[in-house]
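Q: For reference, the structure I am asking about is given below.
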Amino acid sequence: MAKQPESPFDFDVTKLLGDFKVPGLDVETLVSSQRKNIEALTQANKLAFEGVQAVFKRQVEILRQTLEESAVVAKELVEAGTPQDKAIRQTELAKDAFERSLSNARELSEIIAKSNAEAFELLNKRFTQVLDEVKDSITKAK
């Protein structure tokens with residue numbers, strides 16, 4: 001009588017697939033290929049997570065910088081001056097804030113794009129390897 005697995009995940013895939021005899025199917029190669037696929041996905045997820053962390057870190061830096069600048073601006077606007085001078089200063093500050101917001105959005109977008117490109121490149125490389133592995137497998141089977 002065969003030993004029953006203790007849990008649903010307690011089994012040897014190579015043995016399970018090895019019991020099925022399919023002509024031209026190299027079980028070890030198949031398992032190795034799937035292992036590489038999982039490793040590639042894991043690495044791509046890691047790159048994506050690092051990208052998210054970089055974006056979050058930069059957002060925190062931007063928030064801190066904005067709060068510090070807001071305190072300085074508030075002090076400037078409260079100081080004495082003509083209404084016209086204050087209106088001019090408010091317009092300049094609004095323009096600066098808008099330009100800085102665009103710059104920050106562009107920077108965050110570039111971080112995300114870089115992270116996505118790295119993950120996609122890794123997955124694309126693995127996909128190409130899979131196609132080469134299939135080609136090699138077919139060649140060996142002939």
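Naming works like this for the structure tokens: A, B, ... for the chains as they're shown, residue 1 at the start of each chain, ligands 1 onward in shown order.
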Do you know which residues are at most 9 Å from segment 37-40 of chain A counting only C-alpha atoms, after dropping those on the same chain fewer than 4 positions away, and could you put them as a count of residues only?
A: 9
Q: Using only C-alpha atoms, which of A:Gln34, A:Ser70, A:Asn116, A:Gln53 sits nearest Glu133 of chain A?
A: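 Among A:Gln34, A:Ser70, A:Asn116, A:Gln53, it is A:Gln34 that comes nearest to Glu133 of chain A.
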Q: Can you pull out every residue within 12 Å of Glu118 of chain A, counting only C-alpha atoms, but drop anything in the same chain fewer than 3 positions away, and send it as JSON, numbers by chain?
A: {"A": [40, 43, 44, 45, 46, 47, 48, 49, 50, 51, 111, 112, 113, 114, 115, 121, 122, 123, 124, 125]}
Q: Can you tell me which residues surround Asn104 of chain A at a distance of at most 12 Å, considering only C-alpha atoms, apart from same-chain residues fewer than 2 positions away, and format the answer as a PyMOL selection string?
A: chain A and resi 55+58-63+65-66+97-102+106-111
Q: Please, could you write that set of residues out with N, CA, C and O atoms as a compact mmCIF listing (two decimals), in the first residue's frame?
A:
```
# COMPACT_ATOMS: atom_id res chain seq x y z
N VAL A 55 8.62 54.17 -4.93
CA VAL A 55 7.59 55.19 -5.14
C VAL A 55 7.08 55.69 -3.79
O VAL A 55 6.96 56.90 -3.56
N ARG A 58 9.65 57.88 -2.07
CA ARG A 58 9.73 59.20 -2.70
C ARG A 58 8.51 60.04 -2.37
O ARG A 58 8.61 61.24 -2.15
N GLN A 59 7.33 59.42 -2.30
CA GLN A 59 6.12 60.16 -1.94
C GLN A 59 6.23 60.72 -0.53
O GLN A 59 5.80 61.85 -0.27
N VAL A 60 6.80 59.94 0.38
CA VAL A 60 6.99 60.41 1.75
C VAL A 60 7.96 61.60 1.76
O VAL A 60 7.72 62.60 2.45
N GLU A 61 9.03 61.51 0.98
CA GLU A 61 9.99 62.62 0.89
C GLU A 61 9.32 63.87 0.33
O GLU A 61 9.54 64.98 0.82
N ILE A 62 8.49 63.69 -0.71
CA ILE A 62 7.79 64.83 -1.31
C ILE A 62 6.84 65.45 -0.30
O ILE A 62 6.77 66.68 -0.17
N LEU A 63 6.12 64.64 0.45
CA LEU A 63 5.20 65.15 1.47
C LEU A 63 5.94 65.94 2.54
O LEU A 63 5.53 67.05 2.91
N GLN A 65 8.85 67.44 2.28
CA GLN A 65 9.35 68.67 1.67
C GLN A 65 8.21 69.68 1.49
O GLN A 65 8.39 70.88 1.78
N THR A 66 7.06 69.22 1.07
CA THR A 66 5.90 70.11 0.87
C THR A 66 5.44 70.73 2.18
O THR A 66 5.13 71.93 2.23
N ALA A 97 4.43 75.91 -7.12
CA ALA A 97 3.84 74.67 -6.61
C ALA A 97 3.35 73.79 -7.76
O ALA A 97 3.55 72.56 -7.74
N PHE A 98 2.76 74.40 -8.78
CA PHE A 98 2.28 73.64 -9.93
C PHE A 98 3.45 73.00 -10.67
O PHE A 98 3.40 71.80 -11.02
N GLU A 99 4.50 73.75 -10.91
CA GLU A 99 5.67 73.21 -11.61
C GLU A 99 6.33 72.09 -10.82
O GLU A 99 6.76 71.08 -11.37
N ARG A 100 6.42 72.27 -9.51
CA ARG A 100 7.01 71.24 -8.65
C ARG A 100 6.15 69.98 -8.64
O ARG A 100 6.65 68.86 -8.68
N SER A 101 4.83 70.15 -8.65
CA SER A 101 3.92 68.99 -8.69
C SER A 101 4.09 68.21 -9.99
O SER A 101 4.14 66.98 -9.97
N LEU A 102 4.20 68.92 -11.10
CA LEU A 102 4.44 68.24 -12.38
C LEU A 102 5.77 67.50 -12.37
O LEU A 102 5.86 66.36 -12.84
N ARG A 106 6.20 63.49 -12.71
CA ARG A 106 7.06 62.93 -13.76
C ARG A 106 8.09 61.98 -13.14
O ARG A 106 8.33 60.88 -13.65
N GLU A 107 8.69 62.39 -12.04
CA GLU A 107 9.68 61.55 -11.36
C GLU A 107 9.07 60.23 -10.89
O GLU A 107 9.65 59.16 -11.10
N LEU A 108 7.91 60.29 -10.27
CA LEU A 108 7.24 59.07 -9.81
C LEU A 108 6.87 58.18 -10.99
O LEU A 108 7.02 56.96 -10.92
N SER A 109 6.42 58.78 -12.06
CA SER A 109 6.08 58.02 -13.27
C SER A 109 7.32 57.32 -13.83
O SER A 109 7.23 56.17 -14.27
N GLU A 110 8.46 57.98 -13.81
CA GLU A 110 9.70 57.37 -14.31
C GLU A 110 10.15 56.21 -13.43
O GLU A 110 10.62 55.19 -13.94
N ILE A 111 9.97 56.34 -12.12
CA ILE A 111 10.32 55.24 -11.21
C ILE A 111 9.45 54.02 -11.53
O ILE A 111 9.94 52.89 -11.61
```
Q: So which residues of chain A fall under helix (DSSP H, G or I) by DSSP, listed as a count of residues only?
A: 118
Q: For a test of reading the model, state the distance in Å between atom CA of Leu131 of chain A and atom CA of Ala119 of chain A, rounded to one decimal.
A: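 Separating atom CA of Leu131 of chain A from atom CA of Ala119 of chain A is a distance of 18.7 Å.
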Q: Report, in Å to a single decimal, how far apart atom CA of Lys36 of chain A and atom CA of Ala117 of chain A are.
A: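 Taking atom CA of Ala117 of chain A and atom CA of Lys36 of chain A, their separation equals 19.8 Å.
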Q: Just how far from atom CA of Leu41 of chain A is atom CA of Thr139 of chain A, in Å to one decimal?
A: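 Distance between the two atoms: 27.0 Å.
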